[in-house]
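Below: the structure, in structure tokens.
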Amino acid sequence: MGKPTRVTNDIRALRFAAGEMTQAELADRVGLTRQTIIAIEQGRYSPSLEVAFKIARVFAVPLDQVFGYPEAEG
């Protein structure tokens, strides 16, 4: 994989707040593999916009409560 993404996420915290949902359970609910969920959580992979919305809907929260992007530097 390439360099880490600047997109941040709170998926791990949201999983634990949702009854300690496992990575595998989240993967099943959004149609991904557990390995992809791990890569997203660790910031090694940015999901497509469609997948990002699916993840937010699993937790019933707005997209920006799951994912963030730092302000531009400069």
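Note on naming: chains are A, B, ... as they come in the structure tokens, residues start from 1 per chain, ligands start from 1 in the order shown.
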- request: Determine, counting only C-alpha atoms, which protein, DNA and RNA residues have an atom within 12 Å of an atom of Tyr45 of chain A; residues of the same chain fewer than 2 positions away are not included. Present the result as a VMD selection string.
  value: chain A and resid 1 to 9 35 to 43 47 to 48 51 to 52
What would the file look like if the residues just selected were written as a PDB file, in the first residue's frame with N, CA, C and O atoms?
ATOM      1  N   MET A   1       0.836  -1.191   0.000  1.00  0.00           N
ATOM      2  CA  MET A   1       0.000   0.000   0.000  1.00  0.00           C
ATOM      3  C   MET A   1       0.869   1.237   0.000  1.00  0.00           C
ATOM      4  O   MET A   1       2.009   1.198   0.418  1.00  0.00           O
ATOM      5  N   GLY A   2       0.283   2.351  -0.419  1.00  0.00           N
ATOM      6  CA  GLY A   2       0.992   3.614  -0.471  1.00  0.00           C
ATOM      7  C   GLY A   2       1.146   4.228   0.905  1.00  0.00           C
ATOM      8  O   GLY A   2       0.976   3.586   1.931  1.00  0.00           O
ATOM      9  N   LYS A   3       1.445   5.531   0.875  1.00  0.00           N
ATOM     10  CA  LYS A   3       1.637   6.215   2.144  1.00  0.00           C
ATOM     11  C   LYS A   3       0.311   6.331   2.892  1.00  0.00           C
ATOM     12  O   LYS A   3      -0.761   6.311   2.279  1.00  0.00           O
ATOM     13  N   PRO A   4       0.366   6.471   4.215  1.00  0.00           N
ATOM     14  CA  PRO A   4      -0.862   6.579   4.999  1.00  0.00           C
ATOM     15  C   PRO A   4      -1.710   7.772   4.566  1.00  0.00           C
ATOM     16  O   PRO A   4      -1.189   8.790   4.121  1.00  0.00           O
ATOM     17  N   THR A   5      -2.994   7.645   4.705  1.00  0.00           N
ATOM     18  CA  THR A   5      -3.918   8.708   4.349  1.00  0.00           C
ATOM     19  C   THR A   5      -3.983   9.765   5.448  1.00  0.00           C
ATOM     20  O   THR A   5      -3.699   9.471   6.607  1.00  0.00           O
ATOM     21  N   ARG A   6      -4.376  10.972   5.093  1.00  0.00           N
ATOM     22  CA  ARG A   6      -4.573  12.024   6.091  1.00  0.00           C
ATOM     23  C   ARG A   6      -5.982  11.973   6.683  1.00  0.00           C
ATOM     24  O   ARG A   6      -6.279  12.677   7.627  1.00  0.00           O
ATOM     25  N   VAL A   7      -6.843  11.157   6.089  1.00  0.00           N
ATOM     26  CA  VAL A   7      -8.203  11.009   6.606  1.00  0.00           C
ATOM     27  C   VAL A   7      -8.136  10.288   7.953  1.00  0.00           C
ATOM     28  O   VAL A   7      -7.515   9.248   8.077  1.00  0.00           O
ATOM     29  N   THR A   8      -8.769  10.878   8.956  1.00  0.00           N
ATOM     30  CA  THR A   8      -8.818  10.259  10.276  1.00  0.00           C
ATOM     31  C   THR A   8     -10.185   9.619  10.467  1.00  0.00           C
ATOM     32  O   THR A   8     -11.123   9.918   9.733  1.00  0.00           O
ATOM     33  N   ASN A   9     -10.284   8.741  11.459  1.00  0.00           N
ATOM     34  CA  ASN A   9     -11.592   8.139  11.723  1.00  0.00           C
ATOM     35  C   ASN A   9     -11.708   7.732  13.185  1.00  0.00           C
ATOM     36  O   ASN A   9     -10.709   7.579  13.885  1.00  0.00           O
ATOM     37  N   GLN A  35     -10.067  -7.369   6.898  1.00  0.00           N
ATOM     38  CA  GLN A  35      -8.762  -6.766   6.631  1.00  0.00           C
ATOM     39  C   GLN A  35      -8.904  -5.333   6.133  1.00  0.00           C
ATOM     40  O   GLN A  35      -8.092  -4.462   6.474  1.00  0.00           O
ATOM     41  N   THR A  36      -9.929  -5.074   5.332  1.00  0.00           N
ATOM     42  CA  THR A  36     -10.152  -3.709   4.842  1.00  0.00           C
ATOM     43  C   THR A  36     -10.570  -2.794   5.983  1.00  0.00           C
ATOM     44  O   THR A  36     -10.099  -1.658   6.076  1.00  0.00           O
ATOM     45  N   ILE A  37     -11.424  -3.283   6.876  1.00  0.00           N
ATOM     46  CA  ILE A  37     -11.821  -2.486   8.047  1.00  0.00           C
ATOM     47  C   ILE A  37     -10.589  -2.165   8.892  1.00  0.00           C
ATOM     48  O   ILE A  37     -10.416  -1.024   9.346  1.00  0.00           O
ATOM     49  N   ILE A  38      -9.721  -3.140   9.080  1.00  0.00           N
ATOM     50  CA  ILE A  38      -8.483  -2.910   9.849  1.00  0.00           C
ATOM     51  C   ILE A  38      -7.663  -1.810   9.191  1.00  0.00           C
ATOM     52  O   ILE A  38      -7.184  -0.885   9.860  1.00  0.00           O
ATOM     53  N   ALA A  39      -7.482  -1.881   7.878  1.00  0.00           N
ATOM     54  CA  ALA A  39      -6.687  -0.886   7.157  1.00  0.00           C
ATOM     55  C   ALA A  39      -7.307   0.504   7.263  1.00  0.00           C
ATOM     56  O   ALA A  39      -6.591   1.498   7.443  1.00  0.00           O
ATOM     57  N   ILE A  40      -8.629   0.594   7.192  1.00  0.00           N
ATOM     58  CA  ILE A  40      -9.298   1.887   7.335  1.00  0.00           C
ATOM     59  C   ILE A  40      -9.091   2.433   8.744  1.00  0.00           C
ATOM     60  O   ILE A  40      -8.713   3.595   8.928  1.00  0.00           O
ATOM     61  N   GLU A  41      -9.320   1.597   9.753  1.00  0.00           N
ATOM     62  CA  GLU A  41      -9.148   2.027  11.153  1.00  0.00           C
ATOM     63  C   GLU A  41      -7.733   2.519  11.417  1.00  0.00           C
ATOM     64  O   GLU A  41      -7.533   3.473  12.164  1.00  0.00           O
ATOM     65  N   GLN A  42      -6.752   1.867  10.827  1.00  0.00           N
ATOM     66  CA  GLN A  42      -5.350   2.209  11.064  1.00  0.00           C
ATOM     67  C   GLN A  42      -4.870   3.369  10.188  1.00  0.00           C
ATOM     68  O   GLN A  42      -3.718   3.771  10.285  1.00  0.00           O
ATOM     69  N   GLY A  43      -5.752   3.895   9.346  1.00  0.00           N
ATOM     70  CA  GLY A  43      -5.379   5.019   8.502  1.00  0.00           C
ATOM     71  C   GLY A  43      -4.481   4.648   7.336  1.00  0.00           C
ATOM     72  O   GLY A  43      -3.816   5.491   6.752  1.00  0.00           O
ATOM     73  N   PRO A  47     -11.631   4.775   2.550  1.00  0.00           N
ATOM     74  CA  PRO A  47     -12.731   4.122   1.841  1.00  0.00           C
ATOM     75  C   PRO A  47     -13.318   5.042   0.779  1.00  0.00           C
ATOM     76  O   PRO A  47     -13.137   6.258   0.822  1.00  0.00           O
ATOM     77  N   SER A  48     -14.033   4.449  -0.149  1.00  0.00           N
ATOM     78  CA  SER A  48     -14.768   5.257  -1.130  1.00  0.00           C
ATOM     79  C   SER A  48     -15.838   6.044  -0.379  1.00  0.00           C
ATOM     80  O   SER A  48     -16.192   5.723   0.771  1.00  0.00           O
ATOM     81  N   VAL A  51     -18.718   3.761   0.635  1.00  0.00           N
ATOM     82  CA  VAL A  51     -18.424   2.934   1.809  1.00  0.00           C
ATOM     83  C   VAL A  51     -18.410   3.780   3.073  1.00  0.00           C
ATOM     84  O   VAL A  51     -18.901   3.364   4.117  1.00  0.00           O
ATOM     85  N   ALA A  52     -17.886   4.991   2.983  1.00  0.00           N
ATOM     86  CA  ALA A  52     -17.872   5.883   4.150  1.00  0.00           C
ATOM     87  C   ALA A  52     -19.300   6.143   4.635  1.00  0.00           C
ATOM     88  O   ALA A  52     -19.572   6.095   5.841  1.00  0.00           O
TER      89      ALA A  52
END
message: List the spatial neighbours of segment 22-26 of chain A as a list in words - criterion: any atom at most 8 Å away, only C-alpha atoms, same-chain residues fewer than 3 positions off excluded.
response: Arg15, Arg29, Val30, Thr33, Arg34, Ile37, Ile38, Ile55 and Val58 of chain A
Would you output that residue set with N, CA, C and O atoms, as a PDB file, in the first residue's frame?
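Result file part-v9.pdb:
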ATOM      1  N   ARG A  15     -17.276   1.462  17.227  1.00  0.00           N
ATOM      2  CA  ARG A  15     -17.544   0.020  17.360  1.00  0.00           C
ATOM      3  C   ARG A  15     -17.740  -0.356  18.823  1.00  0.00           C
ATOM      4  O   ARG A  15     -18.650  -1.102  19.163  1.00  0.00           O
ATOM      5  N   ARG A  29     -21.543  -5.956   7.648  1.00  0.00           N
ATOM      6  CA  ARG A  29     -22.655  -5.009   7.482  1.00  0.00           C
ATOM      7  C   ARG A  29     -22.439  -4.026   6.345  1.00  0.00           C
ATOM      8  O   ARG A  29     -23.419  -3.509   5.800  1.00  0.00           O
ATOM      9  N   VAL A  30     -21.182  -3.774   5.983  1.00  0.00           N
ATOM     10  CA  VAL A  30     -20.931  -2.827   4.888  1.00  0.00           C
ATOM     11  C   VAL A  30     -20.394  -3.501   3.628  1.00  0.00           C
ATOM     12  O   VAL A  30     -20.115  -2.833   2.637  1.00  0.00           O
ATOM     13  N   THR A  33     -14.143  -6.743   3.667  1.00  0.00           N
ATOM     14  CA  THR A  33     -13.451  -7.769   4.438  1.00  0.00           C
ATOM     15  C   THR A  33     -12.985  -7.170   5.761  1.00  0.00           C
ATOM     16  O   THR A  33     -12.846  -5.953   5.887  1.00  0.00           O
ATOM     17  N   ARG A  34     -12.734  -8.034   6.715  1.00  0.00           N
ATOM     18  CA  ARG A  34     -12.209  -7.582   8.002  1.00  0.00           C
ATOM     19  C   ARG A  34     -10.874  -6.872   7.807  1.00  0.00           C
ATOM     20  O   ARG A  34     -10.584  -5.866   8.452  1.00  0.00           O
ATOM     21  N   ILE A  37     -11.424  -3.283   6.876  1.00  0.00           N
ATOM     22  CA  ILE A  37     -11.821  -2.486   8.047  1.00  0.00           C
ATOM     23  C   ILE A  37     -10.589  -2.165   8.892  1.00  0.00           C
ATOM     24  O   ILE A  37     -10.416  -1.024   9.346  1.00  0.00           O
ATOM     25  N   ILE A  38      -9.721  -3.140   9.080  1.00  0.00           N
ATOM     26  CA  ILE A  38      -8.483  -2.910   9.849  1.00  0.00           C
ATOM     27  C   ILE A  38      -7.663  -1.810   9.191  1.00  0.00           C
ATOM     28  O   ILE A  38      -7.184  -0.885   9.860  1.00  0.00           O
ATOM     29  N   ILE A  55     -20.648   3.023   6.389  1.00  0.00           N
ATOM     30  CA  ILE A  55     -20.108   2.884   7.749  1.00  0.00           C
ATOM     31  C   ILE A  55     -20.825   3.841   8.694  1.00  0.00           C
ATOM     32  O   ILE A  55     -21.239   3.448   9.790  1.00  0.00           O
ATOM     33  N   VAL A  58     -24.258   2.528   9.592  1.00  0.00           N
ATOM     34  CA  VAL A  58     -24.241   1.418  10.552  1.00  0.00           C
ATOM     35  C   VAL A  58     -24.321   1.964  11.970  1.00  0.00           C
ATOM     36  O   VAL A  58     -25.028   1.432  12.825  1.00  0.00           O
TER      37      VAL A  58
END
- request: Just list the residues in chain A DSSP gives alpha helix (DSSP H) on the backbone, as number ranges by chain.
  value: A: 11-17, 23-30, 34-41, 49-59, 63-66
Take the selection from the previous step and output its residues with C-alpha atoms, as an mmCIF file, in the first residue's frame.
data_model
loop_
_atom_site.group_PDB
_atom_site.id
_atom_site.type_symbol
_atom_site.label_atom_id
_atom_site.label_comp_id
_atom_site.auth_asym_id
_atom_site.auth_seq_id
_atom_site.Cartn_x
_atom_site.Cartn_y
_atom_site.Cartn_z
ATOM 1 C CA ILE A 11 -14.441 3.737 13.815
ATOM 2 C CA ARG A 12 -12.813 1.867 16.686
ATOM 3 C CA ALA A 13 -14.483 4.073 19.312
ATOM 4 C CA LEU A 14 -17.819 3.814 17.510
ATOM 5 C CA ARG A 15 -17.544 0.020 17.360
ATOM 6 C CA PHE A 16 -16.986 -0.174 21.104
ATOM 7 C CA ALA A 17 -19.825 2.263 21.774
ATOM 8 C CA GLN A 23 -14.312 -5.606 12.916
ATOM 9 C CA ALA A 24 -15.772 -8.702 11.251
ATOM 10 C CA GLU A 25 -19.336 -7.662 12.153
ATOM 11 C CA LEU A 26 -18.795 -4.184 10.732
ATOM 12 C CA ALA A 27 -17.217 -5.659 7.608
ATOM 13 C CA ASP A 28 -20.236 -7.915 7.076
ATOM 14 C CA ARG A 29 -22.655 -5.009 7.482
ATOM 15 C CA VAL A 30 -20.931 -2.827 4.888
ATOM 16 C CA ARG A 34 -12.209 -7.582 8.002
ATOM 17 C CA GLN A 35 -8.762 -6.766 6.631
ATOM 18 C CA THR A 36 -10.152 -3.709 4.842
ATOM 19 C CA ILE A 37 -11.821 -2.486 8.047
ATOM 20 C CA ILE A 38 -8.483 -2.910 9.849
ATOM 21 C CA ALA A 39 -6.687 -0.886 7.157
ATOM 22 C CA ILE A 40 -9.298 1.887 7.335
ATOM 23 C CA GLU A 41 -9.148 2.027 11.153
ATOM 24 C CA LEU A 49 -17.412 7.853 -0.392
ATOM 25 C CA GLU A 50 -20.104 5.189 -0.769
ATOM 26 C CA VAL A 51 -18.424 2.934 1.809
ATOM 27 C CA ALA A 52 -17.872 5.883 4.150
ATOM 28 C CA PHE A 53 -21.616 6.609 4.096
ATOM 29 C CA LYS A 54 -22.397 2.919 4.694
ATOM 30 C CA ILE A 55 -20.108 2.884 7.749
ATOM 31 C CA ALA A 56 -21.718 6.060 9.121
ATOM 32 C CA ARG A 57 -25.192 4.561 8.627
ATOM 33 C CA VAL A 58 -24.241 1.418 10.552
ATOM 34 C CA PHE A 59 -23.575 3.642 13.559
ATOM 35 C CA LEU A 63 -20.355 11.144 8.163
ATOM 36 C CA ASP A 64 -18.168 13.772 9.846
ATOM 37 C CA GLN A 65 -18.596 12.018 13.180
ATOM 38 C CA VAL A 66 -16.897 8.960 11.687
#
